[in-house]
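Quick notes on the structure that follows.
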Amino acid sequence: MDTPSTTAGANHDVVVIGASAGGIPPLEELLRGLPADLPAALFVVVHRSADADDQVMVWSLQRTTNLRCVVPVHGETIRRGTVYIAPSDKHILLKEDRILVTRGPRENYYRPSIDTVFRSAAVAFGSRVIGIILSGMLQDGTAGMEAIKRCGGICLVQKPEDAAFPSMPLSVLTNLDVDYSVAIAEMSIVLKDLVQRPADETREKPYDLLLEAGIAERYTNNNLPNVNTMEIEQTARELDQVANRSPLSCPDCGGALWRMKEGSQERYRCHLGHAFNAESMLLRNRESLEETLWVALRTLEERRYVLVTLAQEMSERQPGKANAYQERADELTMHVERIRQVIMTFNGSNLKGEETGLNPPASA
């Protein structure tokens, strides 16, 4: 049968792969070593710009493998021997034997998000899932891989010393009990062996993962027209069961944030579906702070310009008033320089989004 089912007794026939910076070459090498009749379906998430051409990615991967490479359409039936590539600016979710394609809320400020599809696969297929993390920056994929492990699946990462950008594999290795850490040259050999093995018996899915996967499905572009106030309130009640309300606000929508109780990472989620680990929260807050400082700088500069203009115009007619305006302008000059120095400190640090790989569009 070509379609993976959710029944017990199957092999590890669902493979989810996450990659970011430097991840395309190892992904191509992995696929090159897999046969066309591989008895598994593969789902690939690569962080790309929102306007990236999906067909370029398909062509790039298809030329390296005999497996069928496609960008899935919403509701498509899952088939073994196929590589499903997440489209740019869209999540993919797995639901029974179907693929859901959605422009839902970002996770870790990414869409598509590795954590989103890994968690969805774990809930849908449990111990049958193999998760793979390749080269990339930051920590997207760690929480999703933890979901796979908690549901009985297998964790496979590229050796950090073998990766162009080791942050993502290293984060998984640091936070989780990894089953296999191998160089990319050996990964296809390991994967071909794993997909032939029978999966462990199905175990009960953790309640918090079921809720998180349900929230992702609820807030999809296909369901949003039907989401009402009662369902939003339901999401808040569900989060209260698996998370603690925090004093923080969602950087994307301004709503309340819950701090998730389970997992090795510090993670937050809002009732509209946005989710962040601590690192992405810091980067997003930093970006918002810098934007605010630029607005403040512009406002102060404009105010200073008006004061200087008034001082010049009144210098002969009302010198006392002119001096008062000039003094206020000089005081603003000190504030302007302080804010400018803070902004330049931001620009000179190594936490800028452009330097970490976190540079997605500003829209949620």
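To be explicit about the labels: the chains of the structure tokens are called A, B, and onward in the order shown, and within each one the residues are counted from 1, while ligands get numbers from 1 in the order they are shown.
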Each range 265-327 of chain A residue no farther than 12 Å from range 98-104 of chain A, nearest pair in Å, only C-alpha atoms, as JSON lines:
{"residue": "A:Leu272", "atom": "CA", "partner": "A:Gly104", "partner_atom": "CA", "distance": 9.6}
{"residue": "A:Gly273", "atom": "CA", "partner": "A:Gly104", "partner_atom": "CA", "distance": 7.8}
{"residue": "A:His274", "atom": "CA", "partner": "A:Gly104", "partner_atom": "CA", "distance": 8.7}
{"residue": "A:Ala275", "atom": "CA", "partner": "A:Gly104", "partner_atom": "CA", "distance": 11.2}
| said: Please extract the residues of range 96-297 of chain A with a backbone DSSP assignment of alpha helix (DSSP H) and present them as an NGL selection string. | reply: :A and (114-125 or 142-150 or 167-175 or 184-194 or 207-218 or 229-242 or 278-297)
| task | Write out as a PyMOL selection string the residues lying within 9 Å of Asp89 in chain A, counting only C-alpha atoms and excluding same-chain residues fewer than 2 positions away. | result | chain A and resi 48-52+86-87+91+102-103+110-112
| Contact residues around range 233-236 of chain A with only C-alpha atoms at 10 Å, ignoring same-chain residues under 6 positions, as a count of residues only | 14
| task | Between A:Arg317, A:Arg68, A:Arg106, A:Arg304, single out the one closest to His335 in chain A, counting only C-alpha atoms. | result |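 Checking each of A:Arg317, A:Arg68, A:Arg106, A:Arg304 against His335 in chain A, counting only C-alpha atoms, the winner is A:Arg304.
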Could you produce a table of the residues of range 121-207 of chain A lying within 12 Å of range 280-290 of chain A, with the nearest pair of atoms per residue and their separation in Å rounded to one decimal, using only C-alpha atoms, ordered by chain and increasing residue number, as a tab-separated table?
residue	atom	partner	partner_atom	distance
A:Met137	CA	A:Ser280	CA	11.2
A:Leu138	CA	A:Ser280	CA	8.0
A:Gln139	CA	A:Ser280	CA	8.3
A:Asp140	CA	A:Ser280	CA	8.9
| task | Identify, on the basis of only C-alpha atoms, every residue whose closest approach to Phe276 in chain A does not exceed 9 Å; exclude the query and any residue fewer than 4 positions from it along the same chain; express the result as a PyMOL selection string. | result | chain A and resi 106-109+250+266-269+280-281
Those same residues, written as a PDB file, in the first residue's frame with N, CA and C atoms?
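Dumped to again-v2.pdb:
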ATOM      1  N   ARG A 106       2.719  32.095  12.467  1.00  0.00           N
ATOM      2  CA  ARG A 106       4.123  31.706  12.482  1.00  0.00           C
ATOM      3  C   ARG A 106       4.490  31.016  13.794  1.00  0.00           C
ATOM      4  N   GLU A 107       5.485  30.151  13.702  1.00  0.00           N
ATOM      5  CA  GLU A 107       6.080  29.566  14.903  1.00  0.00           C
ATOM      6  C   GLU A 107       7.576  29.853  14.868  1.00  0.00           C
ATOM      7  N   ASN A 108       8.104  30.385  15.966  1.00  0.00           N
ATOM      8  CA  ASN A 108       9.493  30.840  16.017  1.00  0.00           C
ATOM      9  C   ASN A 108       9.762  31.867  14.926  1.00  0.00           C
ATOM     10  N   TYR A 109       8.699  32.569  14.559  1.00  0.00           N
ATOM     11  CA  TYR A 109       8.757  33.609  13.535  1.00  0.00           C
ATOM     12  C   TYR A 109       9.039  33.050  12.149  1.00  0.00           C
ATOM     13  N   CYS A 250       2.407  38.835  23.091  1.00  0.00           N
ATOM     14  CA  CYS A 250       2.849  38.216  21.841  1.00  0.00           C
ATOM     15  C   CYS A 250       3.480  39.279  20.943  1.00  0.00           C
ATOM     16  N   GLU A 266      12.394  26.626  26.891  1.00  0.00           N
ATOM     17  CA  GLU A 266      11.494  27.694  27.313  1.00  0.00           C
ATOM     18  C   GLU A 266      10.677  28.095  26.092  1.00  0.00           C
ATOM     19  N   ARG A 267       9.352  27.878  26.143  1.00  0.00           N
ATOM     20  CA  ARG A 267       8.507  28.167  24.976  1.00  0.00           C
ATOM     21  C   ARG A 267       7.252  28.918  25.396  1.00  0.00           C
ATOM     22  N   TYR A 268       6.753  29.730  24.471  1.00  0.00           N
ATOM     23  CA  TYR A 268       5.566  30.540  24.712  1.00  0.00           C
ATOM     24  C   TYR A 268       4.599  30.387  23.538  1.00  0.00           C
ATOM     25  N   ARG A 269       3.301  30.531  23.854  1.00  0.00           N
ATOM     26  CA  ARG A 269       2.276  30.431  22.811  1.00  0.00           C
ATOM     27  C   ARG A 269       1.140  31.383  23.140  1.00  0.00           C
ATOM     28  N   SER A 280      13.875  32.998  19.906  1.00  0.00           N
ATOM     29  CA  SER A 280      13.135  33.763  18.898  1.00  0.00           C
ATOM     30  C   SER A 280      12.359  34.910  19.537  1.00  0.00           C
ATOM     31  N   MET A 281      11.904  34.717  20.793  1.00  0.00           N
ATOM     32  CA  MET A 281      11.237  35.810  21.507  1.00  0.00           C
ATOM     33  C   MET A 281      12.193  36.984  21.693  1.00  0.00           C
TER      34      MET A 281
END
| Selection near Asp208 in chain A, 12 Å with only C-alpha atoms, sequence-local residues under 3 positions removed, as a list of chain:residue names |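 That gives A:Arg119, A:Val123, A:Ala147, A:Arg150, A:Cys151, A:Glu204, A:Lys205, A:Leu211, A:Glu212, A:Ala213, A:Gly214, A:Ile215, A:Glu238, A:Leu239, A:Asp240, A:Gln241, A:Val242, A:Ala243, A:Met260, A:Lys261, A:Glu262, A:Gly263.
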Would you write out those residues with N, CA and C atoms, as a compact mmCIF listing (two decimals), in the first residue's frame?
# COMPACT_ATOMS: atom_id res chain seq x y z
N ARG A 119 5.71 18.39 15.03
CA ARG A 119 4.70 18.11 16.06
C ARG A 119 3.46 17.48 15.43
N VAL A 123 1.92 13.67 16.32
CA VAL A 123 0.56 13.42 16.79
C VAL A 123 -0.20 12.52 15.82
N ALA A 147 8.72 16.48 20.48
CA ALA A 147 7.38 15.91 20.32
C ALA A 147 7.46 14.53 19.68
N ARG A 150 8.66 12.08 22.30
CA ARG A 150 7.63 11.81 23.31
C ARG A 150 6.53 10.91 22.77
N CYS A 151 6.37 10.88 21.46
CA CYS A 151 5.36 10.01 20.85
C CYS A 151 5.96 8.70 20.36
N GLU A 204 0.14 6.26 23.94
CA GLU A 204 -0.81 7.35 24.10
C GLU A 204 -0.11 8.69 23.87
N LYS A 205 -0.75 9.56 23.08
CA LYS A 205 -0.16 10.86 22.77
C LYS A 205 -0.31 11.79 23.97
N LEU A 211 -3.20 19.14 22.14
CA LEU A 211 -3.77 20.48 22.16
C LEU A 211 -3.04 21.41 21.20
N GLU A 212 -1.70 21.37 21.22
CA GLU A 212 -0.93 22.25 20.35
C GLU A 212 -1.17 21.94 18.88
N ALA A 213 -1.22 20.66 18.55
CA ALA A 213 -1.51 20.28 17.17
C ALA A 213 -2.91 20.72 16.77
N GLY A 214 -3.85 20.62 17.70
CA GLY A 214 -5.22 21.05 17.43
C GLY A 214 -5.31 22.55 17.20
N ILE A 215 -4.53 23.33 17.96
CA ILE A 215 -4.52 24.78 17.78
C ILE A 215 -4.00 25.13 16.39
N GLU A 238 -7.85 25.91 26.92
CA GLU A 238 -6.97 24.76 26.68
C GLU A 238 -5.53 25.10 27.09
N LEU A 239 -5.07 26.29 26.74
CA LEU A 239 -3.72 26.67 27.12
C LEU A 239 -3.57 26.74 28.64
N ASP A 240 -4.62 27.15 29.32
CA ASP A 240 -4.56 27.19 30.79
C ASP A 240 -4.30 25.80 31.38
N GLN A 241 -4.67 24.75 30.66
CA GLN A 241 -4.47 23.39 31.16
C GLN A 241 -3.03 22.91 31.00
N VAL A 242 -2.31 23.43 30.01
CA VAL A 242 -0.97 22.90 29.73
C VAL A 242 0.12 23.97 29.83
N ALA A 243 -0.27 25.18 30.22
CA ALA A 243 0.70 26.28 30.28
C ALA A 243 0.30 27.27 31.37
N MET A 260 4.69 27.49 28.19
CA MET A 260 4.39 26.06 28.15
C MET A 260 5.09 25.34 29.31
N LYS A 261 4.38 24.39 29.92
CA LYS A 261 4.92 23.68 31.07
C LYS A 261 5.84 22.53 30.67
N GLU A 262 5.49 21.83 29.59
CA GLU A 262 6.24 20.64 29.19
C GLU A 262 7.38 21.01 28.24
N GLY A 263 8.39 20.14 28.20
CA GLY A 263 9.47 20.31 27.24
C GLY A 263 10.75 20.84 27.85
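If you look at CA of Ser249 in chain A and CA of Lys90 in chain A, they are 24.0 Å away from each other.
Around range 20-37 of chain A, within 6 Å and counting only C-alpha atoms, the residues found are Val46, His47, Thr64, Thr65, Asn66, Leu67, Gly81, Leu134, Ser135, Gly136, Ala164 and Ser188 of chain A, once anything fewer than 2 positions away on its own chain is removed.
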| message | Please compute the CA of Leu93 in chain A-CA of Thr116 in chain A distance, one decimal, in Å. | response |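 We find that CA of Leu93 in chain A and CA of Thr116 in chain A lie 7.3 Å from each other.
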| query | Could you write out, as an NGL selection string, all the residues of range 115-219 of chain A that DSSP marks as strand (DSSP E or B)? | reply | :A and (129-133 or 154-158 or 180-182 or 198)
Can you spit out the residues from that selection as a PDB file, in the first residue's frame, using C-alpha atoms?
ATOM      1  CA  VAL A 129       7.914   9.022  12.535  1.00  0.00           C
ATOM      2  CA  ILE A 130      11.616   9.636  11.922  1.00  0.00           C
ATOM      3  CA  GLY A 131      12.712  13.231  12.499  1.00  0.00           C
ATOM      4  CA  ILE A 132      15.860  14.586  10.838  1.00  0.00           C
ATOM      5  CA  ILE A 133      17.559  17.915  11.565  1.00  0.00           C
ATOM      6  CA  ILE A 154      13.193   8.288  16.144  1.00  0.00           C
ATOM      7  CA  CYS A 155      15.552  11.277  16.285  1.00  0.00           C
ATOM      8  CA  LEU A 156      18.328  11.644  13.709  1.00  0.00           C
ATOM      9  CA  VAL A 157      20.617  14.698  13.382  1.00  0.00           C
ATOM     10  CA  GLN A 158      23.525  15.733  11.224  1.00  0.00           C
ATOM     11  CA  TYR A 180      21.538   8.867  15.796  1.00  0.00           C
ATOM     12  CA  SER A 181      24.061  11.646  15.140  1.00  0.00           C
ATOM     13  CA  VAL A 182      25.845  10.951  11.864  1.00  0.00           C
ATOM     14  CA  PRO A 198       8.798  -2.077  12.430  1.00  0.00           C
TER      15      PRO A 198
END
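CA of Asn11 in chain A is positioned 4.9 Å from CA of Ala199 in chain A.
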